[in-house]
Amino acid sequence: MNKFVATGSSIALETPVIGRITRSPLRDENSRTEHVLVATNTPIHHDDMRGYGAILTADSTESLPPGKEPFPPIVHSLQKLENFCEGDVVVVRPGRGKTGPSTVRAIYCINSRFSNLLLTEQCNSRCLMCSQPPKVEDDSYLVDEALKVIKLINKDAEVLGMTGGEPTLLKDRFFSLIQACRDNLPKTYLHVLTNGRFFVYKDFARKLAEIGHPDLMLGIPIYSDIADEHDYVVQAKGAFEQTLKGIYNLGSYGVNVEVRVVIHALTYERLPQLARFIFQNLPFVRHIALMGLEITGYTKKNLKELWIDPYDYQAQLVEAVEFLADRGMNVSVYNHQLCVIPKSIWSYARQSISDWKNIYLDECQPCAVLKKCGGLFKSAENVHSSHIRAFREGPALATAQASL
Amino acid sequence: MTLNLLNQGIANKSERYTLLPFRFMQFGNEMLLVNDFGEYTFLPGEVFREFVNHKLDETANHYKELESLHFLAKAVTPMLIDLLAMRYKMRKIFLAGFTKLHILVVTLRCDHSCQYCQVSRQSPDKVKFDMSSETALRSVDLIFRSPAPAITIEFQGGEPLLNFDTIKLVVNRAEELNKLAGKKIDFVICTNLAPLTEEALSFCKEHDISISTSLDGPEFIHNANRPNQKKDSYRVTLENLARARQTLGIGKVAALMTTTRLSLDYPIEIIDEYVRQGFKSIFLRSLSPYGFAVRTHKKIGHDMSLFLDFYKKGFEYIIALNRQGIDFVECYARIILTKILTPFSPGFVDLQSPAGIGINVAVYNYDGKVYASDESRMLAEMGDDTFQIGDVNANSYEEIFGGPKLQNLMAASCNETLPGCSDCALQPYCGADPVYHYATQKDIFGHRPTSGYCEKNMTIIKYLFEKIRSGDKELLKIFLAWVRYKNISELTREPVLQPS
């Protein structure tokens, strides 16, 4: 889920280094340890190299000063270094074996609205349309890294996401992460994706609430108003009841919850009934996101069972959106192109696709509302609605445009 | 009718699904099913029979609908019970906090002699009919014993402005006590506005006090219902209404109407008067069967069916206004519609179960006697102290609000257990009213087939259900706007553009 990756060769890089990008040398040597210097003016003086977590350069090794002093690890011959901005937080990782290329990965991008920390790839559900298929290997290093990243993120960051896998499987370490955000990023809206099942334990919900994060939202999926149908989609028996009870527990402790619904061939039919179910049973949730399918991960494997042209479920989508909106529920439509949803619900459509995987098609280019449209997932380049088309400027469009 | 087969369902393992508890009634050509969480559905007769006989197929849409609305469950798990318990709790949330509305009758004296009024006295004898400072202060102390984090202190009479010193005393004392208690307090004065001095008005402004006045309709109705000595009540009310609105803001001044036999012929004129005077809502209230109203029944009384005709005419007119773009709410319907259209149940003392007497409302009379509701003290003014639950000058908070008197009344306050209510499909949308039934039938439990309360509420609830079932989308939008306290324009979007 990382936006920018650059690869190069490294010197003295033994273990992963996490640091904040600086593009200009820092005078104060004490503050250098938490920074990764992007060196653009090589060769650089010895004094200017000392103390950084790592040094990144596009140049080859010849331009670096030979010296006896222990320098920080250096990754050189890097491509696309211009993608790393002042303030980004990166992981610099040594290559596998002796010859593998070292990588620089941006975990937090200061200029992006969509920075997600991947906390684990393990999960207790197996959703048919999972975009991040779970793995069973021990990946606890991700938490260690995330804890370091949280300390380095710009204190004015507006939003930070956490995702998995299923973060609550980390148990106490999950709480440490939330705590770290509370302490280091108290002004940052923290959005955590979870299946909510673990909150079936009231104590677990209470512990999260007691951390007292000032601006926390849990995004929790519900795919159907019928238990068996939800359980089938997430491939876990009993998940529906656990998730529901989990949301109640969270609600009773005042933790903000967002309900996320992925719309596909197995869920579109009962979308209006699901909207009713959410309003009647979970009226306290803060937001409901009705989301289009991302053609990645398990979805690719299960495409035959899951695919429906969004154009063909407009009626259900409109009914669900209007039902919720009429009752004062805060509802959004994610991941849908404006040309496949009726204009009457344009005002609920959000530009929800992370910038680094957001594309528009050739036929989109002349569209009058392109700039307001959420576009497509990169993965949808070849699998998308057959009704994608450009809107022409005109009076018919004017009122609908105003609602965007 | 009730069908509570929960245990039976669990016992019989061969059944494919369990029926969850619900009630039902024939509704037109269909069956109306309602459960304790306020969910409802209409089923064709044959589907209903299939359903209750466990013959409904799992893949049928009716099956899913009934499962979604908690009428059936594939298996009754402890988790499901927990979830349903949450829903039930949401439905009874109005009980949280205990007594919230505290009514102080600061005087019985009044300058009007309304036909329907139970309590007004033209007496100049201040001592006899005014609440003393001592009683007022003891009442405030009791009010602050209430655990409710948000309370309303309402001043009634007589005409409460005639004893304004006591109002000031109570407000100041309450604000003083609240420095420690930290409650949210709303103050309301129920007044005919006639004795509204500048001093009283600026005091209201200073202490954020709301006004609730009486407006019975156009001049000829208002003056006939609410005579004062100069026969100019309507003019005086409107003049002072304007003054009050100017000083306090339009949202701080509400009006209530009382229905009399004269009113019954003029629902539209009364509503027009409310619209003309800039009110956004009206509460079409049936005449209370208490006090003078009972004595003068022949003159002004009306039976329930006449009121219901009046109500429906008025209601249709209000809907027509809304369709023309005039935002105007009928408040009684709003209470019921909230129960039907949302998972919530607003507390309204006369239309909730358990009834609000004592537990949601208490009346502190001028003489220190505490009553379980406003109607209770009206009965008391007729010499019947059945609903007196204590005396501020003699009893402790625990004796008044935890005493046997109130406990006995509570036994008749839950429609879940009342004969005739317990198996009524409309029960979750209705309430219980022991005081009404005592006043009309001399029995706090009451006899439903001859109960005016039952006739009124069943008629109105069914009437609203017919409206909802009609599938009129514009009307549903109007109802939702009411329920959400919004203007209809806030709920309208562009018409749906169908893809060509």
# chains A, B, ... in the order shown; residues from 1 in each chain; ligands from 1
>>> residues_around(residues="Ser396 in chain B", least_positions_apart="3", cutoff="12 Å", atoms="only C-alpha atoms", output="NGL selection string")
:B and (138-139 or 141-143 or 145 or 370 or 389-393 or 399-403)
>>> residues_around(residues="Glu322 in chain A", least_positions_apart="2", cutoff="12 Å", atoms="only C-alpha atoms", output="JSON, numbers by chain")
{"A": [271, 272, 275, 276, 279, 314, 315, 316, 317, 318, 319, 320, 324, 325, 326, 327, 328, 329, 330, 331, 332, 333, 342, 344, 345, 346, 347, 348], "B": [473, 477, 480, 491, 492, 493, 494, 495, 496]}
>>> residues_around(residues="Phe84 in chain A", least_positions_apart="6", cutoff="12 Å", atoms="only C-alpha atoms", output="list in words")
Lys3, Phe4, Val5, Ala6, Gly19, Arg20, Ile21, Thr22, Arg23, Val36, Leu37, Val38, Ala39, Leu56, Thr57, Leu78, Val90, Val91, Val104, Arg105, Ala106, Ile107, Tyr108, Cys109, Ile110, Asn111 and Ser112 of chain A
>>> write_last_selection(atoms="N, CA and C atoms", output="PDB file, in the first residue's frame")
ATOM      1  N   LYS A   3       3.203   4.228  -1.657  1.00  0.00           N
ATOM      2  CA  LYS A   3       3.077   5.029  -2.844  1.00  0.00           C
ATOM      3  C   LYS A   3       4.339   5.016  -3.673  1.00  0.00           C
ATOM      4  N   PHE A   4       5.450   5.361  -3.042  1.00  0.00           N
ATOM      5  CA  PHE A   4       6.677   5.520  -3.811  1.00  0.00           C
ATOM      6  C   PHE A   4       7.737   4.561  -3.327  1.00  0.00           C
ATOM      7  N   VAL A   5       8.267   3.847  -4.258  1.00  0.00           N
ATOM      8  CA  VAL A   5       9.363   2.951  -3.940  1.00  0.00           C
ATOM      9  C   VAL A   5      10.495   3.279  -4.899  1.00  0.00           C
ATOM     10  N   ALA A   6      11.690   3.426  -4.362  1.00  0.00           N
ATOM     11  CA  ALA A   6      12.859   3.606  -5.214  1.00  0.00           C
ATOM     12  C   ALA A   6      13.855   2.518  -4.846  1.00  0.00           C
ATOM     13  N   GLY A  19      13.172   7.104   8.702  1.00  0.00           N
ATOM     14  CA  GLY A  19      13.496   8.501   8.955  1.00  0.00           C
ATOM     15  C   GLY A  19      12.646   9.447   8.143  1.00  0.00           C
ATOM     16  N   ARG A  20      12.753  10.695   8.517  1.00  0.00           N
ATOM     17  CA  ARG A  20      12.006  11.737   7.823  1.00  0.00           C
ATOM     18  C   ARG A  20      12.915  12.358   6.766  1.00  0.00           C
ATOM     19  N   ILE A  21      12.371  12.540   5.609  1.00  0.00           N
ATOM     20  CA  ILE A  21      13.168  13.084   4.503  1.00  0.00           C
ATOM     21  C   ILE A  21      13.518  14.554   4.760  1.00  0.00           C
ATOM     22  N   THR A  22      14.782  14.861   4.556  1.00  0.00           N
ATOM     23  CA  THR A  22      15.144  16.276   4.453  1.00  0.00           C
ATOM     24  C   THR A  22      15.932  16.424   3.160  1.00  0.00           C
ATOM     25  N   ARG A  23      15.643  17.473   2.459  1.00  0.00           N
ATOM     26  CA  ARG A  23      16.309  17.664   1.169  1.00  0.00           C
ATOM     27  C   ARG A  23      17.451  18.680   1.271  1.00  0.00           C
ATOM     28  N   VAL A  36      16.513  11.367   7.071  1.00  0.00           N
ATOM     29  CA  VAL A  36      17.190  10.730   5.944  1.00  0.00           C
ATOM     30  C   VAL A  36      17.451  11.849   4.946  1.00  0.00           C
ATOM     31  N   LEU A  37      18.713  12.040   4.635  1.00  0.00           N
ATOM     32  CA  LEU A  37      19.077  13.163   3.770  1.00  0.00           C
ATOM     33  C   LEU A  37      19.012  12.738   2.302  1.00  0.00           C
ATOM     34  N   VAL A  38      18.299  13.528   1.517  1.00  0.00           N
ATOM     35  CA  VAL A  38      18.371  13.342   0.071  1.00  0.00           C
ATOM     36  C   VAL A  38      19.457  14.285  -0.425  1.00  0.00           C
ATOM     37  N   ALA A  39      20.570  13.700  -0.815  1.00  0.00           N
ATOM     38  CA  ALA A  39      21.707  14.529  -1.197  1.00  0.00           C
ATOM     39  C   ALA A  39      21.653  14.794  -2.692  1.00  0.00           C
ATOM     40  N   LEU A  56      20.498   9.358   0.912  1.00  0.00           N
ATOM     41  CA  LEU A  56      20.013   8.854  -0.370  1.00  0.00           C
ATOM     42  C   LEU A  56      20.570   9.736  -1.473  1.00  0.00           C
ATOM     43  N   THR A  57      20.988   9.120  -2.541  1.00  0.00           N
ATOM     44  CA  THR A  57      21.465   9.933  -3.653  1.00  0.00           C
ATOM     45  C   THR A  57      21.217   9.222  -4.970  1.00  0.00           C
ATOM     46  N   LEU A  78      19.953   5.836  -6.955  1.00  0.00           N
ATOM     47  CA  LEU A  78      18.487   5.723  -6.801  1.00  0.00           C
ATOM     48  C   LEU A  78      17.763   6.441  -7.929  1.00  0.00           C
ATOM     49  N   VAL A  90      10.163   7.682   5.426  1.00  0.00           N
ATOM     50  CA  VAL A  90      10.507   6.551   4.566  1.00  0.00           C
ATOM     51  C   VAL A  90      11.129   5.408   5.371  1.00  0.00           C
ATOM     52  N   VAL A  91      11.020   4.219   4.819  1.00  0.00           N
ATOM     53  CA  VAL A  91      11.769   3.071   5.338  1.00  0.00           C
ATOM     54  C   VAL A  91      12.835   2.742   4.305  1.00  0.00           C
ATOM     55  N   VAL A 104      13.843   2.129  -0.945  1.00  0.00           N
ATOM     56  CA  VAL A 104      13.370   3.262  -0.149  1.00  0.00           C
ATOM     57  C   VAL A 104      11.878   3.364  -0.404  1.00  0.00           C
ATOM     58  N   ARG A 105      11.115   3.294   0.666  1.00  0.00           N
ATOM     59  CA  ARG A 105       9.668   3.282   0.553  1.00  0.00           C
ATOM     60  C   ARG A 105       9.076   4.440   1.365  1.00  0.00           C
ATOM     61  N   ALA A 106       8.212   5.220   0.748  1.00  0.00           N
ATOM     62  CA  ALA A 106       7.537   6.282   1.504  1.00  0.00           C
ATOM     63  C   ALA A 106       6.345   5.668   2.231  1.00  0.00           C
ATOM     64  N   ILE A 107       6.373   5.758   3.532  1.00  0.00           N
ATOM     65  CA  ILE A 107       5.257   5.223   4.313  1.00  0.00           C
ATOM     66  C   ILE A 107       4.250   6.317   4.592  1.00  0.00           C
ATOM     67  N   TYR A 108       4.787   7.505   4.771  1.00  0.00           N
ATOM     68  CA  TYR A 108       3.905   8.654   4.976  1.00  0.00           C
ATOM     69  C   TYR A 108       4.315   9.748   4.006  1.00  0.00           C
ATOM     70  N   CYS A 109       3.359  10.196   3.193  1.00  0.00           N
ATOM     71  CA  CYS A 109       3.646  11.260   2.225  1.00  0.00           C
ATOM     72  C   CYS A 109       2.966  12.539   2.665  1.00  0.00           C
ATOM     73  N   ILE A 110       3.780  13.544   2.836  1.00  0.00           N
ATOM     74  CA  ILE A 110       3.237  14.790   3.393  1.00  0.00           C
ATOM     75  C   ILE A 110       2.228  15.438   2.452  1.00  0.00           C
ATOM     76  N   ASN A 111       2.363  15.208   1.145  1.00  0.00           N
ATOM     77  CA  ASN A 111       1.470  15.869   0.188  1.00  0.00           C
ATOM     78  C   ASN A 111       0.266  15.023  -0.206  1.00  0.00           C
ATOM     79  N   SER A 112       0.089  13.892   0.438  1.00  0.00           N
ATOM     80  CA  SER A 112      -1.019  13.029   0.059  1.00  0.00           C
ATOM     81  C   SER A 112      -2.066  13.019   1.173  1.00  0.00           C
TER      82      SER A 112
END
>>> residues_around(residues="Asn256 in chain A", least_positions_apart="2", cutoff="12 Å", atoms="only C-alpha atoms", output="MDAnalysis selection string")
chainID A and resid 189:192 205 208:209 212:220 247:254 258:259 282:288
>>> atom_distance(atom1="CA of Met129 in chain A", atom2="CA of Val369 in chain A")
29.2 Å
>>> residues_around(residues="Ser263 in chain B", least_positions_apart="5", cutoff="12 Å", atoms="only C-alpha atoms", output="mmCIF file with N, CA and C atoms, in the first residue's frame")
data_model
loop_
_atom_site.group_PDB
_atom_site.id
_atom_site.type_symbol
_atom_site.label_atom_id
_atom_site.label_comp_id
_atom_site.auth_asym_id
_atom_site.auth_seq_id
_atom_site.Cartn_x
_atom_site.Cartn_y
_atom_site.Cartn_z
ATOM 1 N N LEU B 215 -53.003 29.940 22.517
ATOM 2 C CA LEU B 215 -53.705 30.572 21.404
ATOM 3 C C LEU B 215 -54.679 29.527 20.884
ATOM 4 N N ASP B 216 -55.969 29.820 21.034
ATOM 5 C CA ASP B 216 -56.966 28.792 20.709
ATOM 6 C C ASP B 216 -57.463 28.870 19.279
ATOM 7 N N GLY B 217 -57.016 29.891 18.534
ATOM 8 C CA GLY B 217 -57.471 30.006 17.146
ATOM 9 C C GLY B 217 -57.737 31.455 16.816
ATOM 10 N N PRO B 218 -58.574 31.698 15.801
ATOM 11 C CA PRO B 218 -58.913 33.084 15.450
ATOM 12 C C PRO B 218 -59.684 33.771 16.581
ATOM 13 N N GLU B 219 -59.837 35.064 16.467
ATOM 14 C CA GLU B 219 -60.358 35.893 17.559
ATOM 15 C C GLU B 219 -61.668 35.358 18.162
ATOM 16 N N PHE B 220 -62.601 34.966 17.291
ATOM 17 C CA PHE B 220 -63.923 34.584 17.841
ATOM 18 C C PHE B 220 -63.847 33.305 18.671
ATOM 19 N N ILE B 221 -62.935 32.416 18.286
ATOM 20 C CA ILE B 221 -62.789 31.187 19.077
ATOM 21 C C ILE B 221 -61.991 31.464 20.348
ATOM 22 N N HIS B 222 -60.881 32.175 20.163
ATOM 23 C CA HIS B 222 -60.005 32.436 21.301
ATOM 24 C C HIS B 222 -60.764 33.191 22.398
ATOM 25 N N ASN B 223 -61.469 34.245 22.022
ATOM 26 C CA ASN B 223 -62.169 35.044 23.033
ATOM 27 C C ASN B 223 -63.335 34.293 23.666
ATOM 28 N N ALA B 224 -63.944 33.410 22.891
ATOM 29 C CA ALA B 224 -65.034 32.612 23.455
ATOM 30 C C ALA B 224 -64.479 31.581 24.447
ATOM 31 N N ASN B 225 -63.366 30.974 24.095
ATOM 32 C CA ASN B 225 -62.774 29.961 24.975
ATOM 33 C C ASN B 225 -62.103 30.570 26.194
ATOM 34 N N MET B 257 -52.774 25.110 21.819
ATOM 35 C CA MET B 257 -54.212 25.336 21.677
ATOM 36 C C MET B 257 -54.970 24.282 22.459
ATOM 37 N N THR B 258 -56.131 24.663 22.929
ATOM 38 C CA THR B 258 -57.008 23.713 23.583
ATOM 39 C C THR B 258 -58.276 23.606 22.752
ATOM 40 N N ILE B 268 -59.558 24.212 10.247
ATOM 41 C CA ILE B 268 -58.761 24.935 9.253
ATOM 42 C C ILE B 268 -58.507 26.374 9.700
ATOM 43 N N GLU B 269 -59.550 26.995 10.255
ATOM 44 C CA GLU B 269 -59.388 28.373 10.721
ATOM 45 C C GLU B 269 -58.351 28.446 11.851
ATOM 46 N N ILE B 270 -58.356 27.448 12.708
ATOM 47 C CA ILE B 270 -57.395 27.445 13.827
ATOM 48 C C ILE B 270 -55.972 27.290 13.295
ATOM 49 N N ILE B 271 -55.807 26.365 12.364
ATOM 50 C CA ILE B 271 -54.469 26.146 11.792
ATOM 51 C C ILE B 271 -54.009 27.400 11.046
ATOM 52 N N LEU B 284 -52.567 19.473 17.920
ATOM 53 C CA LEU B 284 -54.025 19.333 17.938
ATOM 54 C C LEU B 284 -54.399 18.443 19.114
ATOM 55 N N ARG B 285 -54.789 19.108 20.213
ATOM 56 C CA ARG B 285 -55.002 18.370 21.465
ATOM 57 C C ARG B 285 -56.471 18.135 21.712
ATOM 58 N N SER B 286 -56.780 16.955 22.169
ATOM 59 C CA SER B 286 -58.166 16.728 22.575
ATOM 60 C C SER B 286 -58.366 17.353 23.949
ATOM 61 N N LEU B 287 -59.591 17.685 24.237
ATOM 62 C CA LEU B 287 -59.906 18.331 25.508
ATOM 63 C C LEU B 287 -59.645 17.363 26.652
ATOM 64 N N ILE B 300 -69.068 22.342 26.683
ATOM 65 C CA ILE B 300 -67.894 22.351 25.813
ATOM 66 C C ILE B 300 -67.363 20.971 25.477
ATOM 67 N N GLY B 301 -67.853 19.950 26.133
ATOM 68 C CA GLY B 301 -67.292 18.618 25.928
ATOM 69 C C GLY B 301 -67.633 18.074 24.551
ATOM 70 N N HIS B 302 -66.916 17.032 24.192
ATOM 71 C CA HIS B 302 -67.179 16.412 22.902
ATOM 72 C C HIS B 302 -66.729 14.971 23.011
ATOM 73 N N LEU B 306 -65.848 12.907 17.551
ATOM 74 C CA LEU B 306 -65.908 14.261 17.004
ATOM 75 C C LEU B 306 -64.520 14.879 16.955
ATOM 76 N N PHE B 307 -63.747 14.626 18.021
ATOM 77 C CA PHE B 307 -62.381 15.157 18.016
ATOM 78 C C PHE B 307 -61.569 14.533 16.884
ATOM 79 N N ASP B 309 -62.556 13.394 14.043
ATOM 80 C CA ASP B 309 -62.909 14.027 12.758
ATOM 81 C C ASP B 309 -62.186 15.367 12.613
ATOM 82 N N PHE B 310 -62.220 16.107 13.692
ATOM 83 C CA PHE B 310 -61.538 17.402 13.727
ATOM 84 C C PHE B 310 -60.046 17.215 13.458
ATOM 85 N N TYR B 311 -59.478 16.217 14.103
ATOM 86 C CA TYR B 311 -58.046 15.963 13.965
ATOM 87 C C TYR B 311 -57.702 15.640 12.517
ATOM 88 N N GLY B 314 -57.986 18.609 10.216
ATOM 89 C CA GLY B 314 -56.852 19.496 10.451
ATOM 90 C C GLY B 314 -55.571 18.913 9.873
#
>>> closest_residue(among="A:Asn154, A:Asn335, A:Thr99, A:Asn358", to="Lys187 in chain A", atoms="only C-alpha atoms")
A:Asn154
>>> closest_atom_pairs(of="range 129-246 of chain B", to="range 115-120 of chain B", cutoff="9 Å", atoms="only C-alpha atoms", output="Markdown table")
| residue | atom | partner | partner_atom | distance |
| --- | --- | --- | --- | --- |
| B:Gly157 | CA | B:Ser120 | CA | 7.2 |
| B:Gly158 | CA | B:Ser120 | CA | 4.7 |
| B:Glu159 | CA | B:Ser120 | CA | 7.7 |
| B:Ala224 | CA | B:Gln115 | CA | 8.5 |
| B:Asn225 | CA | B:Gln115 | CA | 6.0 |
| B:Arg226 | CA | B:Gln115 | CA | 6.8 |
| B:Pro227 | CA | B:Gln115 | CA | 8.0 |
>>> select_by_dssp(residues="range 54-276 of chain B", states="strand (DSSP E)", output="number ranges by chain")
B: 72-73, 101-105, 150-156, 184-190, 209-214, 253-256
>>> closest_residue(among="B:Pro147, B:Pro44, B:Pro343, B:Gly431", to="chain A", atoms="only C-alpha atoms")
B:Pro343
>>> residues_around(residues="range 364-368 of chain A", least_positions_apart="2", cutoff="7 Å", atoms="only C-alpha atoms", output="PDB file with all heavy atoms, in the first residue's frame")
ATOM      1  N   TYR A 360      -7.609   7.999 -14.736  1.00  0.00           N
ATOM      2  CA  TYR A 360      -8.743   8.312 -15.598  1.00  0.00           C
ATOM      3  C   TYR A 360      -8.477   7.649 -16.940  1.00  0.00           C
ATOM      4  O   TYR A 360      -7.322   7.453 -17.311  1.00  0.00           O
ATOM      5  CB  TYR A 360      -8.904   9.822 -15.745  1.00  0.00           C
ATOM      6  CG  TYR A 360      -9.213  10.490 -14.427  1.00  0.00           C
ATOM      7  CD1 TYR A 360      -8.184  10.899 -13.577  1.00  0.00           C
ATOM      8  CD2 TYR A 360     -10.534  10.677 -14.013  1.00  0.00           C
ATOM      9  CE1 TYR A 360      -8.462  11.482 -12.344  1.00  0.00           C
ATOM     10  CE2 TYR A 360     -10.820  11.266 -12.783  1.00  0.00           C
ATOM     11  CZ  TYR A 360      -9.781  11.654 -11.949  1.00  0.00           C
ATOM     12  OH  TYR A 360     -10.068  12.215 -10.739  1.00  0.00           O
ATOM     13  N   LEU A 361      -9.534   7.291 -17.642  1.00  0.00           N
ATOM     14  CA  LEU A 361      -9.352   6.612 -18.925  1.00  0.00           C
ATOM     15  C   LEU A 361      -9.197   7.644 -20.051  1.00  0.00           C
ATOM     16  O   LEU A 361      -9.461   8.832 -19.857  1.00  0.00           O
ATOM     17  CB  LEU A 361     -10.564   5.709 -19.207  1.00  0.00           C
ATOM     18  CG  LEU A 361     -10.850   4.648 -18.146  1.00  0.00           C
ATOM     19  CD1 LEU A 361     -12.124   3.875 -18.496  1.00  0.00           C
ATOM     20  CD2 LEU A 361      -9.662   3.698 -17.979  1.00  0.00           C
ATOM     21  N   ASP A 362      -8.809   7.180 -21.210  1.00  0.00           N
ATOM     22  CA  ASP A 362      -8.688   8.078 -22.357  1.00  0.00           C
ATOM     23  C   ASP A 362     -10.012   8.782 -22.637  1.00  0.00           C
ATOM     24  O   ASP A 362     -10.056   9.975 -22.900  1.00  0.00           O
ATOM     25  CB  ASP A 362      -8.261   7.288 -23.606  1.00  0.00           C
ATOM     26  CG  ASP A 362      -6.796   6.866 -23.496  1.00  0.00           C
ATOM     27  OD1 ASP A 362      -6.094   7.444 -22.628  1.00  0.00           O
ATOM     28  OD2 ASP A 362      -6.376   5.973 -24.242  1.00  0.00           O
ATOM     29  N   LEU A 370     -14.418  16.110 -15.088  1.00  0.00           N
ATOM     30  CA  LEU A 370     -13.270  15.253 -14.776  1.00  0.00           C
ATOM     31  C   LEU A 370     -12.629  15.615 -13.441  1.00  0.00           C
ATOM     32  O   LEU A 370     -12.315  14.756 -12.615  1.00  0.00           O
ATOM     33  CB  LEU A 370     -12.242  15.329 -15.901  1.00  0.00           C
ATOM     34  CG  LEU A 370     -10.990  14.486 -15.668  1.00  0.00           C
ATOM     35  CD1 LEU A 370     -11.189  13.062 -16.166  1.00  0.00           C
ATOM     36  CD2 LEU A 370      -9.766  15.095 -16.322  1.00  0.00           C
ATOM     37  N   ARG A 389     -18.184   7.539 -19.813  1.00  0.00           N
ATOM     38  CA  ARG A 389     -18.247   8.473 -20.951  1.00  0.00           C
ATOM     39  C   ARG A 389     -17.990   9.882 -20.438  1.00  0.00           C
ATOM     40  O   ARG A 389     -18.135  10.146 -19.234  1.00  0.00           O
ATOM     41  CB  ARG A 389     -19.613   8.400 -21.631  1.00  0.00           C
ATOM     42  CG  ARG A 389     -20.729   8.858 -20.714  1.00  0.00           C
ATOM     43  CD  ARG A 389     -22.104   8.658 -21.319  1.00  0.00           C
ATOM     44  NE  ARG A 389     -23.130   9.087 -20.368  1.00  0.00           N
ATOM     45  CZ  ARG A 389     -23.607  10.334 -20.319  1.00  0.00           C
ATOM     46  NH1 ARG A 389     -23.173  11.255 -21.159  1.00  0.00           N
ATOM     47  NH2 ARG A 389     -24.519  10.665 -19.432  1.00  0.00           N
ATOM     48  N   ALA A 390     -17.628  10.758 -21.343  1.00  0.00           N
ATOM     49  CA  ALA A 390     -17.350  12.146 -20.967  1.00  0.00           C
ATOM     50  C   ALA A 390     -18.634  12.961 -20.997  1.00  0.00           C
ATOM     51  O   ALA A 390     -19.466  12.784 -21.880  1.00  0.00           O
ATOM     52  CB  ALA A 390     -16.333  12.734 -21.925  1.00  0.00           C
ATOM     53  N   PHE A 391     -18.796  13.827 -19.999  1.00  0.00           N
ATOM     54  CA  PHE A 391     -19.918  14.773 -20.019  1.00  0.00           C
ATOM     55  C   PHE A 391     -19.501  16.005 -20.804  1.00  0.00           C
ATOM     56  O   PHE A 391     -18.351  16.444 -20.736  1.00  0.00           O
ATOM     57  CB  PHE A 391     -20.289  15.202 -18.597  1.00  0.00           C
ATOM     58  CG  PHE A 391     -21.044  14.155 -17.843  1.00  0.00           C
ATOM     59  CD1 PHE A 391     -20.386  13.326 -16.944  1.00  0.00           C
ATOM     60  CD2 PHE A 391     -22.413  13.988 -18.041  1.00  0.00           C
ATOM     61  CE1 PHE A 391     -21.074  12.355 -16.250  1.00  0.00           C
ATOM     62  CE2 PHE A 391     -23.109  13.008 -17.336  1.00  0.00           C
ATOM     63  CZ  PHE A 391     -22.438  12.186 -16.439  1.00  0.00           C
ATOM     64  N   ARG A 392     -20.476  16.562 -21.555  1.00  0.00           N
ATOM     65  CA  ARG A 392     -20.199  17.822 -22.231  1.00  0.00           C
ATOM     66  C   ARG A 392     -20.771  18.951 -21.419  1.00  0.00           C
ATOM     67  O   ARG A 392     -21.829  18.826 -20.821  1.00  0.00           O
ATOM     68  CB  ARG A 392     -20.832  17.824 -23.618  1.00  0.00           C
ATOM     69  CG  ARG A 392     -19.866  17.249 -24.633  1.00  0.00           C
ATOM     70  CD  ARG A 392     -20.480  17.282 -25.994  1.00  0.00           C
ATOM     71  NE  ARG A 392     -20.090  16.053 -26.682  1.00  0.00           N
ATOM     72  CZ  ARG A 392     -20.616  15.659 -27.821  1.00  0.00           C
ATOM     73  NH1 ARG A 392     -21.566  16.362 -28.381  1.00  0.00           N
ATOM     74  NH2 ARG A 392     -20.198  14.558 -28.395  1.00  0.00           N
ATOM     75  N   GLU A 393     -20.060  20.069 -21.430  1.00  0.00           N
ATOM     76  CA  GLU A 393     -20.524  21.278 -20.754  1.00  0.00           C
ATOM     77  C   GLU A 393     -21.900  21.627 -21.313  1.00  0.00           C
ATOM     78  O   GLU A 393     -22.143  21.487 -22.511  1.00  0.00           O
ATOM     79  CB  GLU A 393     -19.536  22.408 -21.053  1.00  0.00           C
ATOM     80  CG  GLU A 393     -19.460  23.482 -19.992  1.00  0.00           C
ATOM     81  CD  GLU A 393     -18.817  22.976 -18.703  1.00  0.00           C
ATOM     82  OE1 GLU A 393     -17.605  22.679 -18.698  1.00  0.00           O
ATOM     83  OE2 GLU A 393     -19.557  22.887 -17.725  1.00  0.00           O
TER      84      GLU A 393
END
>>> select_by_dssp(residues="range 242-433 of chain B", states="helix (DSSP H, G or I)", output="VMD selection string")
chain B and resid 242 to 248 250 to 252 263 to 265 267 to 276 291 to 295 297 to 300 304 to 323 331 to 341 374 to 381 397 to 401 404 to 411 427 to 429
>>> residues_around(residues="range 456-463 of chain B", least_positions_apart="3", cutoff="8 Å", atoms="only C-alpha atoms", output="VMD selection string")
chain B and resid 304 to 305 308 333 336 426 429 to 430 452 to 453 466 to 467
>>> atom_distance(atom1="CA of Gly97 in chain B", atom2="CA of Thr166 in chain B")
26.7 Å
>>> closest_residue(among="B:Asp36, B:Glu316, B:Asp303, B:Glu398", to="Met90 in chain B", atoms="only C-alpha atoms")
B:Asp36
